[in-house]
Structure formats: C-alpha cells, structure tokens
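To start, the structure itself, in structure tokens.
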Amino acid sequence: MTANIVNNNSTAVAGKTVSNAMVTATISGKSYKTKARSDGSFKINIPVQNTGKKISVYSEDAYGIKSLTKEITVTRVAPNVPSVDKVKSSSTSVSGLAEKKAKIRVKIGSKSYYANVDSKGKFKVKIPKQKTGTKLYVSVIDSKNKTSATKTVTVSK
C-alpha cells in the first residue's frame, strides 16, 4: 500500500492498495474509511490537520489480510488553521491563537477585517456585532502571502 503526502491544507488522504480493499486512516484515535476502487486507488476525506500531526493508514483485503500501517506526518505548505475563541452576538472582536507574527483575516459576508498576530501567537480582530447564526470565516496569512485553510465559526447567543 502507498499513501501520498498530506499537507496542512489537505482534505483527503489518497494512495494505492489492492483492488477493492477497505482503507482506514486514523487521526488522534478517530477513524475514516473508504473502499479502494477496482484499480486500487483510494481517497479518504479527512478534516484539515495541522503541521506535524500523524496519520496512520492501512488497508484490509476481502480475506481480512491487513497491509503494513503507513504513518504520514502532515507537512506545511501554509500557516496552520487558527484556533478561534467562541464568538457571541454581543462580541465586538474575534480572538484566538495562530502562527506568530502572521496576519488574521475574518471574512463576514463580502467584508474582511484584519489584524496582526503578536509574538506570542495571540490575535484580536475588531468586528461589528453580528446576529446569532452568522458564519465567520477566519484564516491566517503568513509573511510569504500563503493562506491557511479556513476556520468557520458560527456566532452564538
């Protein structure tokens, strides 16, 4: 079995194994599965993972024979997804943690709001109050203008 490189913007693990085998990817104890196609290719949808995260992948054929487990370490192609604190309808800012000295973008509808991440990795972006249920899209932009995968936050009551 082979598995392709997974980076911190990837939403899938892909590779090749035996025809029609069941393929399992495990991340932090949670398993994601798919059945390989007749040509042995497979693609398992996964949530975006941060750089350095380990993903274990193995396949099992129709006879119950398991392949060796392949361990993949997530590589960096952009900043990691930010960690965002809860946003309430009374909030006038979005805060959290992200790559040090990067820039944060909070997109609400067609408007974007920006702030810098400090040397400790903390950020706070000023926004107007939002209605409960509004979706905020938060991403990190590094000094090389590479953008992280987007974290979606729903405004709560």
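By convention here, the chains of the structure tokens are called A, B, ... in the order presented, each chain's residues are numbered starting at 1, and ligands are numbered starting at 1 in the order presented.
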Original post:
Counting only C-alpha atoms, what is within 12 Å of A:Lys54, bar same-chain residues fewer than 3 positions away, as a list in words?
Top reply: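 Counting only the stated atoms, we get Ile5, Val6, Asn7, Asn8, Ala25, Thr26, Ile27, Ser28, Gly29, Lys30, Gln49, Asn50, Thr51, Val57, Lys70, Glu71, Ile72, Thr73, Val74 and Thr75 of chain A.
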Subject >> Of the listed residues A:Lys16, A:Lys53, A:Lys35, A:Lys157, that which approaches A:Gly133 most closely, counting only C-alpha atoms >> reply: A:Lys157
**OP:** Would you return as a PyMOL selection string the members of chain A that DSSP assigns to strand (DSSP E or B) on this structure's backbone?
**Re:** chain A and resi 2-3+7+12-16+22-27+30-35+41-45+54-60+66+70-73+75+83-84+88+93-97+103-108+111-116+122-126+135-141+147+151-154+156
**OP:** For A:Glu99, list every protein, DNA or RNA residue within 10 Å, evaluated using only C-alpha atoms, and leave out those in the same chain fewer than 6 positions away; present the list as a VMD selection string.
**Re:** chain A and resid 79 to 83 117 to 123 140 to 142 148
Subject >> Test item: residues at most 9 Å from A:Ala115, only C-alpha atoms, excluding those fewer than 6 positions along its chain, as a list of chain:residue names >> reply: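 What passes the distance filter is A:Ala102, A:Lys103, A:Ile104, A:Arg105, A:Val106, A:Phe123, A:Lys124, A:Val125, A:Lys126.
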**OP:** Pick out the closest residue to A:Lys146 from this set: A:Tyr113, A:Arg76, A:Lys100, A:Lys66. Count only C-alpha atoms.
**Re:**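 Of A:Tyr113, A:Arg76, A:Lys100, A:Lys66, the one nearest A:Lys146, counting only C-alpha atoms, is A:Arg76.
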**OP:** May I ask which of the residues A:Asn45, A:Asn116, A:Ser156, A:Thr147 is the closest one to A:Tyr32, counting only C-alpha atoms?
**Re:**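 Distance minimum relative to A:Tyr32 lands on A:Asn45.
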**OP:** Could you tell me which of A:Lys131, A:Lys43, A:Lys151, A:Lys33 comes closest to A:Leu97 if we count only C-alpha atoms?
**Re:**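 Once distances to A:Leu97 are computed over only C-alpha atoms, the minimum belongs to A:Lys151.
Using only C-alpha atoms, the nearest neighbour of A:Asp85 within the list A:Val138, A:Ala62, A:Met22, A:Ala3 is A:Val138.
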**OP:** Using atom CA of A:Tyr63 and atom CA of A:Ala12 as the two end points, give the distance in Å to one decimal.
**Re:**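 Atom-to-atom, atom CA of A:Tyr63 and atom CA of A:Ala12 are spaced 26.1 Å apart.
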**OP:** Rank A:Ala14, A:Ala36, A:Val77, A:Val155 by their smallest atom-to-atom distance to A:Lys129, using only C-alpha atoms, and report the top residue only.
**Re:** A:Val155
Original post:
Could you work out how far atom CA of A:Ser93 lies from atom CA of A:Ser10, giving the answer in Å with one decimal?
Top reply: 28.7 Å
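Pairwise distance (atom CA of A:Ala78, atom CA of A:Val13) equals 17.7 Å.
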